[in-house]
file coords-v5.cif (mmCIF, C-alpha atoms)
data_upload
#
loop_
_atom_site.label_atom_id
_atom_site.label_comp_id
_atom_site.auth_asym_id
_atom_site.auth_seq_id
_atom_site.Cartn_x
_atom_site.Cartn_y
_atom_site.Cartn_z
CA MET K 1 -24.34 -15.95 -15.12
CA SER K 2 -23.90 -12.76 -13.14
CA HIS K 3 -22.01 -14.70 -10.49
CA PHE K 4 -19.67 -16.11 -13.11
CA PHE K 5 -19.11 -12.60 -14.48
CA TYR K 6 -18.29 -11.36 -10.98
CA SER K 7 -15.82 -14.18 -10.18
CA PHE K 8 -14.15 -13.88 -13.58
CA HIS K 9 -13.39 -10.22 -13.04
CA PHE K 10 -12.42 -10.73 -9.43
CA TYR K 11 -9.80 -13.31 -10.42
CA LEU K 12 -8.73 -11.23 -13.42
CA PHE K 13 -7.98 -8.17 -11.31
CA GLY K 14 -6.45 -10.31 -8.56
CA ILE K 15 -4.03 -11.96 -10.97
CA LEU K 16 -3.23 -8.62 -12.61
CA ALA K 17 -2.50 -7.09 -9.19
CA LEU K 18 -0.22 -9.99 -8.27
CA ALA K 19 1.61 -9.88 -11.62
CA SER K 20 2.08 -6.09 -11.42
CA ALA K 21 3.40 -6.38 -7.86
CA LEU K 22 5.90 -9.07 -8.92
CA THR K 23 7.04 -6.96 -11.85
CA PHE K 24 7.26 -3.95 -9.57
CA VAL K 25 9.74 -5.53 -7.12
CA THR K 26 11.93 -6.89 -9.91
CA ARG K 27 12.30 -3.67 -11.98
CA LYS K 28 15.69 -1.95 -11.81
CA SER K 29 14.59 1.52 -12.85
CA PRO K 30 12.67 3.43 -10.13
CA VAL K 31 10.37 5.01 -12.73
CA ALA K 32 9.31 1.64 -14.16
CA ALA K 33 8.84 0.30 -10.61
CA ALA K 34 6.63 3.25 -9.69
CA LEU K 35 4.47 2.82 -12.79
CA TRP K 36 4.00 -0.91 -12.09
CA LEU K 37 3.02 -0.02 -8.52
CA VAL K 38 0.40 2.38 -9.93
CA SER K 39 -0.96 -0.52 -11.99
CA THR K 40 -1.17 -2.66 -8.82
CA MET K 41 -3.07 0.12 -7.09
CA PHE K 42 -5.58 0.43 -9.91
CA CYS K 43 -6.24 -3.32 -9.78
CA LEU K 44 -6.68 -3.11 -6.00
CA ALA K 45 -9.13 -0.22 -6.47
CA ALA K 46 -11.17 -2.42 -8.82
CA LEU K 47 -11.17 -5.17 -6.17
CA TYR K 48 -12.28 -2.69 -3.48
CA ILE K 49 -15.21 -1.64 -5.65
CA MET K 50 -16.14 -5.29 -6.23
CA LEU K 51 -16.01 -5.88 -2.47
CA ASP K 52 -18.70 -3.20 -1.87
CA ALA K 53 -16.24 -0.47 -0.87
CA GLN K 54 -16.95 1.93 -3.73
CA PHE K 55 -15.89 5.07 -1.88
CA ILE K 56 -12.59 3.56 -0.74
CA GLY K 57 -11.95 2.36 -4.29
CA ILE K 58 -12.27 5.86 -5.71
CA ILE K 59 -10.20 7.32 -2.87
CA GLN K 60 -7.56 4.68 -3.59
CA ILE K 61 -7.26 5.94 -7.16
CA LEU K 62 -7.30 9.62 -6.17
CA VAL K 63 -4.97 9.48 -3.16
CA TYR K 64 -2.65 6.55 -3.84
CA ALA K 65 -2.36 6.44 -7.61
CA GLY K 66 -3.02 10.14 -8.04
CA ALA K 67 -1.21 11.86 -5.19
CA ILE K 68 1.27 9.58 -3.42
CA MET K 69 2.73 7.96 -6.53
CA VAL K 70 3.02 11.33 -8.26
CA VAL K 71 5.07 12.56 -5.30
CA PHE K 72 7.29 9.47 -5.62
CA LEU K 73 7.80 10.03 -9.35
CA PHE K 74 8.43 13.70 -8.72
CA VAL K 75 11.22 12.90 -6.25
CA VAL K 76 12.73 10.30 -8.60
CA MET K 77 12.89 12.89 -11.36
CA LEU K 78 14.04 15.69 -9.01
CA LEU K 79 17.00 13.59 -7.87
CA ASN K 80 17.58 12.31 -11.43
CA LEU K 81 17.48 8.65 -10.39
CA GLY K 82 15.83 7.41 -13.58
CA HIS K 83 18.82 5.45 -14.81
CA PRO K 84 20.11 2.47 -12.82
CA LYS K 85 23.62 3.29 -11.57
CA GLU K 86 26.75 1.18 -11.72
CA ILE K 87 26.29 -0.10 -8.15
CA SER K 88 23.64 -2.77 -8.41
CA ASP K 89 20.41 -1.93 -6.67
CA ALA K 90 19.46 -5.47 -5.73
CA ARG K 91 21.40 -7.24 -2.99
CA GLY K 92 23.54 -10.31 -3.71
CA LYS K 93 22.46 -13.90 -4.23
CA LEU K 94 22.61 -15.10 -0.62
CA PRO K 95 20.51 -12.25 0.87
CA SER K 96 17.95 -12.76 -1.91
CA ILE K 97 17.63 -16.46 -1.13
CA VAL K 98 17.31 -15.73 2.59
CA ALA K 99 14.68 -13.08 1.86
CA GLY K 100 12.78 -15.50 -0.37
CA LEU K 101 12.82 -18.16 2.37
CA LEU K 102 11.62 -15.62 4.93
CA GLY K 103 8.83 -14.67 2.53
CA VAL K 104 7.71 -18.30 2.15
CA ILE K 105 7.76 -18.76 5.94
CA MET K 106 5.74 -15.56 6.38
CA LEU K 107 3.17 -16.67 3.81
CA ALA K 108 2.85 -20.05 5.53
CA LEU K 109 2.36 -18.38 8.92
CA ILE K 110 -0.34 -16.04 7.58
CA GLY K 111 -2.03 -18.99 5.89
CA VAL K 112 -2.05 -21.07 9.09
CA THR K 113 -3.38 -18.12 11.12
CA LEU K 114 -6.20 -17.39 8.68
CA ARG K 115 -7.23 -21.02 8.25
CA GLY K 116 -8.39 -21.39 11.82
CA ARG K 117 -10.20 -18.06 11.88
CA MET K 118 -12.29 -17.91 8.72
CA GLU K 119 -16.05 -17.87 8.90
CA THR K 120 -17.10 -19.33 5.60
CA SER K 121 -20.76 -18.31 5.61
CA SER K 122 -20.83 -14.58 5.01
CA ALA K 123 -23.93 -14.38 2.82
CA ALA K 124 -26.14 -12.92 5.56
CA ALA K 125 -23.63 -10.26 6.54
CA GLU K 126 -23.13 -9.31 2.91
CA ARG K 127 -26.86 -8.92 2.40
CA THR K 128 -27.22 -6.51 5.35
CA MET K 129 -24.21 -4.61 3.99
CA SER K 130 -25.65 -4.05 0.53
CA ALA K 131 -28.98 -3.13 2.13
CA GLN K 132 -27.26 -0.43 4.15
CA VAL K 133 -25.40 0.86 1.10
CA GLU K 134 -28.71 1.09 -0.72
CA ARG K 135 -30.29 2.98 2.17
CA VAL K 136 -27.63 5.61 2.97
CA GLY K 137 -25.26 5.40 -0.02
CA ALA K 138 -21.64 4.26 -0.13
CA VAL K 139 -20.28 7.44 1.45
CA GLY K 140 -22.94 7.65 4.15
CA ALA K 141 -22.23 4.07 5.23
CA ILE K 142 -18.58 4.92 5.96
CA ALA K 143 -19.41 8.29 7.46
CA GLU K 144 -21.36 6.65 10.25
CA PRO K 145 -18.45 4.85 12.00
CA LEU K 146 -16.07 7.65 10.94
CA PHE K 147 -17.99 10.39 12.75
CA ARG K 148 -19.31 8.34 15.69
CA GLU K 149 -16.85 5.69 16.89
CA TYR K 150 -13.72 7.20 15.37
CA LEU K 151 -14.45 10.91 15.71
CA LEU K 152 -11.38 11.59 17.88
CA ALA K 153 -9.13 9.65 15.52
CA PHE K 154 -10.60 11.58 12.61
CA GLU K 155 -9.74 14.90 14.24
CA VAL K 156 -6.24 13.71 15.18
CA THR K 157 -5.77 12.80 11.51
CA SER K 158 -5.96 16.47 10.57
CA LEU K 159 -3.20 17.17 13.10
CA VAL K 160 -1.08 14.39 11.55
CA LEU K 161 -1.49 15.96 8.12
CA LEU K 162 -0.56 19.40 9.43
CA VAL K 163 2.57 18.06 11.16
CA ALA K 164 3.54 16.15 8.01
CA MET K 165 3.12 19.27 5.90
CA VAL K 166 5.24 21.44 8.19
CA GLY K 167 7.80 18.67 8.62
CA ALA K 168 8.18 18.15 4.87
CA VAL K 169 8.70 21.88 4.29
CA VAL K 170 11.27 22.14 7.09
CA LEU K 171 13.17 19.04 5.93
CA GLY K 172 13.09 20.02 2.29
CA LYS K 173 14.15 23.63 2.82
CA ARG K 174 17.65 24.57 1.71
CA ARG K 175 19.65 26.27 4.43
CA THR K 176 20.78 29.61 3.01
CA ALA K 177 22.55 31.00 6.09
CA MET Q 1 -14.70 -13.94 -2.37
CA ILE Q 2 -13.34 -13.09 1.09
CA ASP Q 3 -10.94 -16.05 1.15
CA GLU Q 4 -9.50 -15.12 -2.23
CA ALA Q 5 -9.10 -11.48 -1.19
CA LEU Q 6 -7.28 -12.51 1.98
CA ALA Q 7 -4.97 -14.84 0.06
CA LEU Q 8 -4.16 -12.05 -2.40
CA SER Q 9 -3.58 -9.69 0.50
CA ALA Q 10 -1.12 -12.11 2.13
CA ALA Q 11 0.71 -12.62 -1.17
CA LEU Q 12 1.02 -8.88 -1.80
CA PHE Q 13 2.25 -8.28 1.73
CA VAL Q 14 4.93 -10.94 1.35
CA ILE Q 15 6.01 -9.53 -2.03
CA GLY Q 16 6.39 -6.11 -0.40
CA ALA Q 17 8.36 -7.54 2.52
CA VAL Q 18 10.72 -9.47 0.21
CA GLY Q 19 11.18 -6.27 -1.80
CA VAL Q 20 12.17 -4.37 1.34
CA LEU Q 21 14.73 -7.08 2.16
CA THR Q 22 16.26 -7.41 -1.29
CA ARG Q 23 16.48 -3.87 -2.64
CA ARG Q 24 18.98 -1.12 -1.81
CA ASN Q 25 17.39 1.93 -3.41
CA ALA Q 26 15.72 3.88 -0.59
CA ILE Q 27 12.86 5.07 -2.81
CA ILE Q 28 12.04 1.55 -4.03
CA ILE Q 29 12.11 0.26 -0.44
CA PHE Q 30 9.69 3.04 0.41
CA MET Q 31 7.39 1.99 -2.42
CA CYS Q 32 7.53 -1.61 -1.15
CA VAL Q 33 6.29 -0.35 2.22
CA GLU Q 34 3.41 1.34 0.41
CA LEU Q 35 2.60 -1.98 -1.26
CA MET Q 36 2.50 -3.66 2.17
CA LEU Q 37 0.10 -0.96 3.44
CA ASN Q 38 -2.10 -1.59 0.41
CA ALA Q 39 -2.11 -5.32 1.10
CA VAL Q 40 -3.30 -4.73 4.66
CA ASN Q 41 -5.98 -2.35 3.36
CA LEU Q 42 -7.28 -5.13 1.12
CA SER Q 43 -7.72 -7.47 4.08
CA PHE Q 44 -9.48 -4.70 6.03
CA ILE Q 45 -11.91 -4.26 3.13
CA ALA Q 46 -12.46 -8.01 2.88
CA PHE Q 47 -13.16 -8.33 6.60
CA SER Q 48 -15.45 -5.30 6.53
CA ARG Q 49 -17.86 -7.46 4.52
CA LEU Q 50 -18.16 -9.70 7.56
CA TYR Q 51 -17.97 -7.24 10.41
CA GLY Q 52 -19.47 -3.96 9.15
CA PHE Q 53 -18.22 -0.64 7.87
CA SER Q 54 -15.67 0.12 10.60
CA GLY Q 55 -13.05 -1.70 8.53
CA GLN Q 56 -13.52 0.78 5.70
CA ALA Q 57 -13.16 3.69 8.14
CA ILE Q 58 -9.83 2.22 9.28
CA VAL Q 59 -8.67 1.98 5.64
CA PHE Q 60 -9.44 5.69 5.36
CA PHE Q 61 -7.10 6.38 8.30
CA VAL Q 62 -4.39 4.13 6.90
CA MET Q 63 -4.46 6.06 3.63
CA THR Q 64 -4.16 9.40 5.44
CA VAL Q 65 -1.21 8.22 7.49
CA ALA Q 66 0.39 6.74 4.35
CA ALA Q 67 0.11 10.10 2.61
CA ALA Q 68 1.71 11.89 5.59
CA GLU Q 69 4.41 9.24 5.78
CA ALA Q 70 5.20 9.56 2.08
CA ALA Q 71 5.55 13.34 2.34
CA VAL Q 72 7.89 13.25 5.36
CA GLY Q 73 9.82 10.21 4.17
CA LEU Q 74 10.51 11.65 0.74
CA ALA Q 75 11.61 14.95 2.31
CA ILE Q 76 14.08 12.95 4.42
CA ILE Q 77 15.32 11.13 1.31
CA ILE Q 78 15.87 14.48 -0.44
CA ALA Q 79 17.77 15.77 2.60
CA ILE Q 80 19.96 12.64 2.63
CA PHE Q 81 20.59 12.99 -1.11
CA ARG Q 82 21.83 16.56 -0.59
CA HIS Q 83 24.43 15.29 1.88
CA GLN Q 84 25.49 12.01 0.27
CA GLN Q 85 24.63 12.41 -3.44
CA THR Q 86 23.06 8.94 -3.34
CA VAL Q 87 19.94 7.14 -2.15
CA ASN Q 88 21.61 3.74 -2.19
CA LEU Q 89 21.34 2.38 1.34
CA GLN Q 90 24.67 0.57 0.95
CA ASN Q 91 26.47 3.92 1.02
CA ILE Q 92 24.48 5.31 3.95
CA ASN Q 93 26.17 3.33 6.72
CA LEU Q 94 27.29 5.96 9.21
CA LEU Q 95 25.78 3.99 12.12
CA LYS Q 96 27.45 0.73 11.10
CA GLY Q 97 29.96 -0.47 13.73
#

call {"tool": "encode", "arguments": {"input": "coords-v5.cif", "output": "structure tokens"}}
result
Amino acid sequence: MSHFFYSFHFYLFGILALASALTFVTRKSPVAAALWLVSTMFCLAALYIMLDAQFIGIIQILVYAGAIMVVFLFVVMLLNLGHPKEISDARGKLPSIVAGLLGVIMLALIGVTLRGRMETSSAAAERTMSAQVERVGAVGAIAEPLFREYLLAFEVTSLVLLVAMVGAVVLGKRRTA
Amino acid sequence: MIDEALALSAALFVIGAVGVLTRRNAIIIFMCVELMLNAVNLSFIAFSRLYGFSGQAIVFFVMTVAAAEAAVGLAIIIAIFRHQQTVNLQNINLLKG
């Protein structure tokens, strides 16, 4: 019963994510597109939590839906792009068909690549994972690789954020001279 | 559930890629790139169930870089808008031969 409950919600959020993503790429107005993308991100956060990544799921909501998408909406409103202009945003018919074909080819390639690689029996690995989460908590389990294997990358990340901050201020500044 | 998550991840990635190819609004193209990053994050999370928590640490890094990229990219879009009064990539063709 619990397994059925789990699968039902997994498929529910998966289908919602897919539908929101499809709606997102077909919307004309940037504001509507951004809001549908937020919906996709919430569904993905639910999936992360169901896949035993509780911390990442919450961070997804806080950082992606909360911070990044707000910046996007802010820029859309700052530049007053809310209304679709006379020049059509989407490309013509032929480029769309070519893009669709490329998408189908890409999907087929990913499918073929994954098919040969999948290990179907993951029950044992999943059990050790939930045991570890129970022992050190969801945050502690991520902290271990983050501060051991990837310590240098973690420190470099702070540099990346600093450079991005300075770069955004310099680029966005109006030249008054 | 790992197979389903990977299939969803592939589908989302392809939707994002098709969006990048078919749209002209720079901001929407940017959002499509964010969708592709999210799709890759989903497959990292799915694989982290098989191979341990390192996958989740990588997702953490991807999110940080995505935030930095969004800040710089949107600043560039604002700078372009000041010059051209548009974010439609059809009108930004200075490098076109």

call {"tool": "residues_around", "arguments": {"input": "coords-v5.cif", "residues": "segment 16-23 of chain Q", "least_positions_apart": "4", "cutoff": "12 Å", "atoms": "all atoms listed in the file", "output": "ChimeraX atom specification"}}
result
/K:18,20-30,33,37,40,87-107 /Q:9-12,27-40,87-90

call {"tool": "interface_residues", "arguments": {"input": "coords-v5.cif", "of": "chain Q", "to": "chain K", "cutoff": "7 Å", "atoms": "all atoms listed in the file", "output": "MDAnalysis selection string"}}
result
chainID Q and resid 8 10:12 14:15 18:19 21:25 28 45:46 49:50 53:54 56:57 67:68 70:72 75:76 78:79

call {"tool": "atom_distance", "arguments": {"input": "coords-v5.cif", "atom1": "atom CA of Ser2 of chain K", "atom2": "atom CA of Met1 of chain Q"}}
result
14.2 Å

call {"tool": "closest_residue", "arguments": {"input": "coords-v5.cif", "among": "Q:Glu4, Q:Lys96, Q:Asn41, Q:Phe47", "to": "Phe60 of chain Q", "atoms": "all atoms listed in the file"}}
result
Q:Asn41

call {"tool": "axis_aligned_box", "arguments": {"input": "coords-v5.cif", "around": "segment 33-37 of chain Q", "padding_each_side": "8 Å", "output": "lines of an AutoDock Vina configuration file"}}
result
center_x = 3.2
center_y = -1.2
center_z = 1.1
size_x = 22.2
size_y = 21.0
size_z = 20.7

call {"tool": "atom_distance", "arguments": {"input": "coords-v5.cif", "atom1": "atom CA of Phe42 of chain K", "atom2": "atom CA of Ala5 of chain Q"}}
result
15.2 Å

call {"tool": "atom_distance", "arguments": {"input": "coords-v5.cif", "atom1": "atom CA of Gly55 of chain Q", "atom2": "atom CA of Ser43 of chain Q"}}
result
9.0 Å

call {"tool": "closest_residue", "arguments": {"input": "coords-v5.cif", "among": "K:Glu134, K:Ser39, K:Asn80, K:Thr113", "to": "Ile61 of chain K", "atoms": "all atoms listed in the file"}}
result
K:Ser39
